[in-house]
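Have a look at my_file17.cif below; it lists mmCIF, C-alpha atoms.
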```cif
data_work
#
loop_
_atom_site.label_atom_id
_atom_site.label_comp_id
_atom_site.auth_asym_id
_atom_site.auth_seq_id
_atom_site.Cartn_x
_atom_site.Cartn_y
_atom_site.Cartn_z
CA MET A 1 0.00 0.00 0.00
CA ALA A 2 1.31 3.44 -0.91
CA LEU A 3 0.26 6.95 -0.07
CA VAL A 4 -0.92 9.13 -2.97
CA ILE A 5 -1.72 12.78 -2.26
CA LEU A 6 -3.87 14.79 -4.65
CA ASP A 7 -4.56 18.48 -4.89
CA ARG A 8 -8.29 19.07 -5.41
CA ASP A 9 -9.01 22.06 -7.66
CA GLY A 10 -7.43 21.55 -11.07
CA VAL A 11 -6.62 17.87 -10.43
CA LEU A 12 -9.92 16.24 -9.41
CA ASN A 13 -12.28 19.00 -10.47
CA HIS A 14 -12.28 21.99 -12.77
CA ASP A 15 -10.73 25.03 -11.12
CA SER A 16 -12.05 28.57 -11.13
CA GLU A 17 -10.29 31.90 -10.65
CA ALA A 18 -13.45 32.87 -8.72
CA PHE A 19 -12.97 29.86 -6.37
CA ILE A 20 -15.19 26.82 -5.96
CA LYS A 21 -17.72 28.17 -3.46
CA SER A 22 -20.67 25.78 -3.63
CA PRO A 23 -21.42 22.14 -4.41
CA ALA A 24 -22.92 23.20 -7.76
CA GLU A 25 -19.55 24.67 -8.79
CA TRP A 26 -17.68 21.43 -8.07
CA VAL A 27 -17.43 19.71 -11.47
CA PRO A 28 -15.11 16.72 -11.86
CA ILE A 29 -12.52 16.63 -14.61
CA PRO A 30 -13.41 13.79 -17.02
CA GLY A 31 -11.65 10.60 -15.95
CA SER A 32 -10.48 11.91 -12.58
CA LEU A 33 -12.99 10.04 -10.46
CA GLU A 34 -12.30 6.80 -12.27
CA ALA A 35 -8.57 7.38 -11.77
CA VAL A 36 -9.13 7.65 -8.02
CA ALA A 37 -11.17 4.43 -8.21
CA ARG A 38 -8.23 2.65 -9.83
CA LEU A 39 -5.89 3.88 -7.09
CA HIS A 40 -8.37 2.88 -4.39
CA GLN A 41 -8.97 -0.54 -5.92
CA ALA A 42 -5.20 -1.11 -6.16
CA GLY A 43 -5.02 -0.65 -2.39
CA HIS A 44 -3.47 2.81 -2.28
CA THR A 45 -4.29 5.30 0.44
CA VAL A 46 -5.59 8.42 -1.30
CA VAL A 47 -5.48 11.79 0.46
CA VAL A 48 -6.73 15.10 -0.85
CA ALA A 49 -4.72 18.11 0.38
CA THR A 50 -6.15 21.43 -0.77
CA ASN A 51 -5.58 25.11 -0.11
CA GLN A 52 -8.95 26.75 0.48
CA SER A 53 -8.16 30.42 0.97
CA GLY A 54 -11.70 31.24 -0.12
CA ILE A 55 -12.60 30.63 3.53
CA ALA A 56 -10.16 33.31 4.75
CA ARG A 57 -11.41 35.62 1.98
CA GLY A 58 -15.02 35.19 3.13
CA LEU A 59 -16.12 33.57 -0.14
CA LEU A 60 -17.31 30.37 1.53
CA ASP A 61 -17.56 28.97 5.03
CA LEU A 62 -16.81 25.59 6.58
CA GLU A 63 -20.41 24.48 6.02
CA ALA A 64 -20.11 25.14 2.28
CA LEU A 65 -16.72 23.39 2.11
CA THR A 66 -18.17 20.39 3.94
CA ALA A 67 -21.05 20.30 1.45
CA ILE A 68 -18.63 20.48 -1.50
CA HIS A 69 -16.63 17.59 -0.07
CA ALA A 70 -19.83 15.58 0.50
CA VAL A 71 -20.68 16.00 -3.20
CA MET A 72 -17.14 14.97 -4.11
CA ARG A 73 -17.33 11.87 -1.88
CA ARG A 74 -20.70 10.85 -3.36
CA ALA A 75 -19.39 11.30 -6.91
CA LEU A 76 -16.35 9.18 -6.05
CA ALA A 77 -18.49 6.49 -4.43
CA ALA A 78 -20.68 6.33 -7.54
CA VAL A 79 -17.67 5.03 -9.51
CA GLY A 80 -16.33 2.74 -6.77
CA ALA A 81 -13.79 5.25 -5.48
CA ALA A 82 -13.02 6.83 -2.14
CA VAL A 83 -10.51 9.13 -0.57
CA ASP A 84 -9.19 8.13 2.81
CA LEU A 85 -8.63 11.64 4.11
CA ILE A 86 -9.34 15.22 3.07
CA LEU A 87 -7.08 17.92 4.48
CA PHE A 88 -7.55 21.61 3.79
CA CYS A 89 -5.88 24.87 4.68
CA PRO A 90 -8.44 27.63 5.35
CA HIS A 91 -5.81 30.38 5.59
CA GLY A 92 -5.03 33.17 3.17
CA PRO A 93 -1.69 33.49 1.40
CA ARG A 94 -0.40 36.19 3.77
CA GLU A 95 -1.21 34.41 7.04
CA GLY A 96 2.09 32.51 7.17
CA CYS A 97 0.59 29.22 8.36
CA ALA A 98 2.51 25.93 8.13
CA CYS A 99 -0.32 24.12 6.35
CA ARG A 100 -0.78 26.27 3.25
CA LYS A 101 1.07 24.92 0.22
CA PRO A 102 3.89 25.56 -0.72
CA ARG A 103 4.62 24.75 2.92
CA PRO A 104 4.49 21.02 3.68
CA GLY A 105 2.18 21.03 6.72
CA MET A 106 -0.77 19.23 5.12
CA LEU A 107 1.49 16.62 3.56
CA LEU A 108 3.25 15.97 6.86
CA GLU A 109 -0.15 15.66 8.53
CA ALA A 110 -1.26 13.18 5.85
CA ALA A 111 1.75 10.98 6.60
CA ALA A 112 1.20 11.25 10.36
CA ARG A 113 -2.50 10.44 10.17
CA THR A 114 -2.14 7.54 7.72
CA GLY A 115 1.08 6.14 9.18
CA LEU A 116 2.55 5.97 5.67
CA PRO A 117 5.86 7.46 4.57
CA LEU A 118 6.14 10.45 2.28
CA ALA A 119 9.39 9.23 0.71
CA GLY A 120 8.42 8.17 -2.81
CA ALA A 121 4.78 9.14 -2.35
CA PRO A 122 3.47 11.08 -5.33
CA VAL A 123 1.91 14.47 -4.70
CA VAL A 124 -0.15 15.31 -7.77
CA GLY A 125 -0.85 18.96 -8.38
CA ASP A 126 -1.38 21.59 -11.03
CA ALA A 127 0.58 24.48 -9.52
CA ALA A 128 4.17 25.25 -8.54
CA ARG A 129 3.11 25.45 -4.88
CA ASP A 130 2.02 21.79 -5.01
CA LEU A 131 5.42 20.78 -6.37
CA GLU A 132 7.25 22.89 -3.79
CA ALA A 133 5.24 21.39 -0.94
CA ALA A 134 5.99 17.88 -2.19
CA ARG A 135 9.72 18.55 -2.27
CA ALA A 136 9.67 20.23 1.16
CA ALA A 137 7.94 17.14 2.59
CA GLY A 138 10.32 14.66 0.95
CA ALA A 139 7.62 13.36 -1.41
CA THR A 140 7.64 13.05 -5.20
CA PRO A 141 6.14 16.03 -7.06
CA VAL A 142 3.95 15.27 -10.08
CA LEU A 143 2.39 17.88 -12.37
CA VAL A 144 -0.81 17.46 -14.38
CA ARG A 145 -1.68 19.81 -17.23
CA THR A 146 -5.29 20.23 -16.11
CA GLY A 147 -6.31 23.27 -14.08
CA LYS A 148 -3.32 25.61 -13.87
CA GLY A 149 -0.94 22.82 -14.90
CA ALA A 150 -0.39 23.79 -18.54
CA ALA A 151 0.41 27.36 -17.49
CA THR A 152 2.68 26.08 -14.72
CA GLU A 153 4.53 23.92 -17.24
CA ALA A 154 4.81 26.81 -19.73
CA GLU A 155 6.23 29.12 -17.06
CA GLY A 156 8.96 26.60 -16.30
CA GLY A 157 11.14 27.39 -13.34
CA PRO A 158 13.20 25.42 -10.86
CA GLU A 159 10.09 23.76 -9.40
CA LEU A 160 9.78 21.69 -12.61
CA ALA A 161 13.29 20.22 -12.51
CA GLY A 162 12.95 16.45 -12.64
CA VAL A 163 9.15 16.55 -12.29
CA ALA A 164 7.07 14.06 -14.25
CA VAL A 165 4.29 15.79 -16.20
CA PHE A 166 1.05 14.12 -17.32
CA ASP A 167 -1.95 15.33 -19.30
CA ASP A 168 -4.32 14.61 -16.42
CA LEU A 169 -4.84 12.49 -13.32
CA ALA A 170 -5.98 9.50 -15.38
CA ALA A 171 -2.72 9.51 -17.37
CA PHE A 172 -0.68 9.74 -14.15
CA VAL A 173 -2.58 6.81 -12.58
CA THR A 174 -2.09 4.68 -15.70
CA HIS A 175 1.64 5.35 -15.44
CA TRP A 176 1.78 4.91 -11.64
CA LEU A 177 -0.04 1.59 -11.71
CA GLY A 178 1.97 0.39 -14.71
CA GLU A 179 -1.13 -0.20 -16.77
CA ALA A 180 -0.95 -0.67 -20.51
CA ARG A 181 -3.24 1.53 -22.54
CA CYS A 182 -4.60 0.32 -25.87
CA GLY A 183 -5.32 2.68 -28.73
#
```

Could you render the structure from this file as structure tokens?
Amino acid sequence: MALVILDRDGVLNHDSEAFIKSPAEWVPIPGSLEAVARLHQAGHTVVVATNQSGIARGLLDLEALTAIHAVMRRALAAVGAAVDLILFCPHGPREGCACRKPRPGMLLEAAARTGLPLAGAPVVGDAARDLEAARAAGATPVLVRTGKGAATEAEGGPELAGVAVFDDLAAFVTHWLGEARCG
């Protein structure tokens, strides 16, 4: 069993510059839920670690975030998937907390709560801050081109050095599980 950590917005669901503020705005990226199902069915522990500064900005509250995550869990369950743990940082970018990516706090908490090591664990994200957090935690950063990923890749930068890049979560999971793809 291995630990796999996923960012939420831009990896599992479509992202929005206006933030995902309600369950109706949470729309899965095609193939992402099924990719989580494949990880789950292969015995991996799947954790979602997501910055949610919309809370600090007053755009949504904990009740709305809980409702969004309930919709996400139901959508995952409908395809035979589950996440073992959802961690979120409610702080804004200027608050200096240890949990907000690019800091590794959520990833360290994921390892502590699951009892699984971060060494070699993929952290799949669409932004440089996801990659930086993975490195800071001793995990393996992975970039997907969904969400902000294509722009992150185009910008380049030291965060991308040695980082595997995939079109989407489904492509990463196919690679991670060593599955052959026909066609």

*Translate the PyMOL selection byres ((chain A and resi 89-96) around 7), as applied to the file shown, into an explicit residue set as a ChimeraX atom specification.*
/A:50-53,55-57,88,97-100

*Excluding Leu59 in chain A and residues on its chain fewer than 6 positions from it, collect all residues at most 10 Å away from it, counting all atoms listed in the file, and give them as a VMD selection string.*
chain A and resid 18 to 22 52 to 53

*Pick from A:Met1, A:Ile29, A:Ala164, A:Ala170 nearest to Val142 in chain A, counting only C-alpha atoms*: A:Ala164

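Closest to Gly149 in chain A among A:Asp61, A:Asp168, A:Asp126, A:Glu17 is A:Asp126, based on all atoms listed in the file.
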
_Spatial neighbours of range 130-132 of chain A, 12 Å, all atoms listed in the file, chain gap at least 5 places, as a PyMOL selection string_ = chain A and resi 5-11+48-51+99-107+122-125+137-144+148-149+152-153+157-165

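Each of A:Asp15, A:Ile68, A:Pro30, A:Leu87 was checked against Val46 in chain A using only C-alpha atoms; the smallest atom-to-atom distance is that of A:Leu87.
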
_Which residues would end up in the selection if the PyMOL selection byres ((chain A and resi 35-44) around 12) were applied here, given that I need the answer as a ChimeraX atom specification?_
/A:1-6,8,11-12,28-34,45-48,72-73,75-84,114,116,121-122,124,168-179

Would you fill the gaps in range 142-157 of chain A so it has N, CA and C atoms, then print it as a PDB file, in the coordinates of the input?
```pdb
ATOM      1  N   VAL A 142       4.481  15.658  -8.771  1.00  0.00           N
ATOM      2  CA  VAL A 142       3.950  15.270 -10.080  1.00  0.00           C
ATOM      3  C   VAL A 142       3.052  16.409 -10.553  1.00  0.00           C
ATOM      4  N   LEU A 143       3.209  16.811 -11.804  1.00  0.00           N
ATOM      5  CA  LEU A 143       2.390  17.880 -12.370  1.00  0.00           C
ATOM      6  C   LEU A 143       1.416  17.309 -13.384  1.00  0.00           C
ATOM      7  N   VAL A 144       0.170  17.759 -13.322  1.00  0.00           N
ATOM      8  CA  VAL A 144      -0.810  17.460 -14.380  1.00  0.00           C
ATOM      9  C   VAL A 144      -1.121  18.761 -15.113  1.00  0.00           C
ATOM     10  N   ARG A 145      -1.444  18.627 -16.391  1.00  0.00           N
ATOM     11  CA  ARG A 145      -1.680  19.810 -17.230  1.00  0.00           C
ATOM     12  C   ARG A 145      -3.085  20.372 -17.080  1.00  0.00           C
ATOM     13  N   THR A 146      -3.947  19.712 -16.337  1.00  0.00           N
ATOM     14  CA  THR A 146      -5.290  20.230 -16.110  1.00  0.00           C
ATOM     15  C   THR A 146      -5.212  21.401 -15.141  1.00  0.00           C
ATOM     16  N   GLY A 147      -6.312  22.123 -14.985  1.00  0.00           N
ATOM     17  CA  GLY A 147      -6.310  23.270 -14.080  1.00  0.00           C
ATOM     18  C   GLY A 147      -5.269  24.292 -14.516  1.00  0.00           C
ATOM     19  N   LYS A 148      -4.399  24.669 -13.583  1.00  0.00           N
ATOM     20  CA  LYS A 148      -3.320  25.610 -13.870  1.00  0.00           C
ATOM     21  C   LYS A 148      -2.061  24.924 -14.401  1.00  0.00           C
ATOM     22  N   GLY A 149      -2.132  23.613 -14.569  1.00  0.00           N
ATOM     23  CA  GLY A 149      -0.940  22.820 -14.900  1.00  0.00           C
ATOM     24  C   GLY A 149      -0.255  23.192 -16.200  1.00  0.00           C
ATOM     25  N   ALA A 150      -1.018  23.421 -17.265  1.00  0.00           N
ATOM     26  CA  ALA A 150      -0.390  23.790 -18.540  1.00  0.00           C
ATOM     27  C   ALA A 150       0.344  25.112 -18.416  1.00  0.00           C
ATOM     28  N   ALA A 151      -0.249  26.073 -17.706  1.00  0.00           N
ATOM     29  CA  ALA A 151       0.410  27.360 -17.490  1.00  0.00           C
ATOM     30  C   ALA A 151       1.638  27.194 -16.600  1.00  0.00           C
ATOM     31  N   THR A 152       1.540  26.347 -15.591  1.00  0.00           N
ATOM     32  CA  THR A 152       2.680  26.080 -14.720  1.00  0.00           C
ATOM     33  C   THR A 152       3.827  25.490 -15.524  1.00  0.00           C
ATOM     34  N   GLU A 153       3.505  24.545 -16.395  1.00  0.00           N
ATOM     35  CA  GLU A 153       4.530  23.920 -17.240  1.00  0.00           C
ATOM     36  C   GLU A 153       5.148  24.952 -18.181  1.00  0.00           C
ATOM     37  N   ALA A 154       4.318  25.800 -18.779  1.00  0.00           N
ATOM     38  CA  ALA A 154       4.810  26.810 -19.730  1.00  0.00           C
ATOM     39  C   ALA A 154       5.719  27.824 -19.051  1.00  0.00           C
ATOM     40  N   GLU A 155       5.417  28.162 -17.802  1.00  0.00           N
ATOM     41  CA  GLU A 155       6.230  29.120 -17.060  1.00  0.00           C
ATOM     42  C   GLU A 155       7.608  28.552 -16.732  1.00  0.00           C
ATOM     43  N   GLY A 156       7.682  27.233 -16.631  1.00  0.00           N
ATOM     44  CA  GLY A 156       8.960  26.600 -16.300  1.00  0.00           C
ATOM     45  C   GLY A 156       9.374  26.964 -14.889  1.00  0.00           C
ATOM     46  N   GLY A 157      10.650  27.038 -14.668  1.00  0.00           N
ATOM     47  CA  GLY A 157      11.140  27.390 -13.340  1.00  0.00           C
ATOM     48  C   GLY A 157      11.764  26.203 -12.635  1.00  0.00           C
TER      49      GLY A 157
END
```
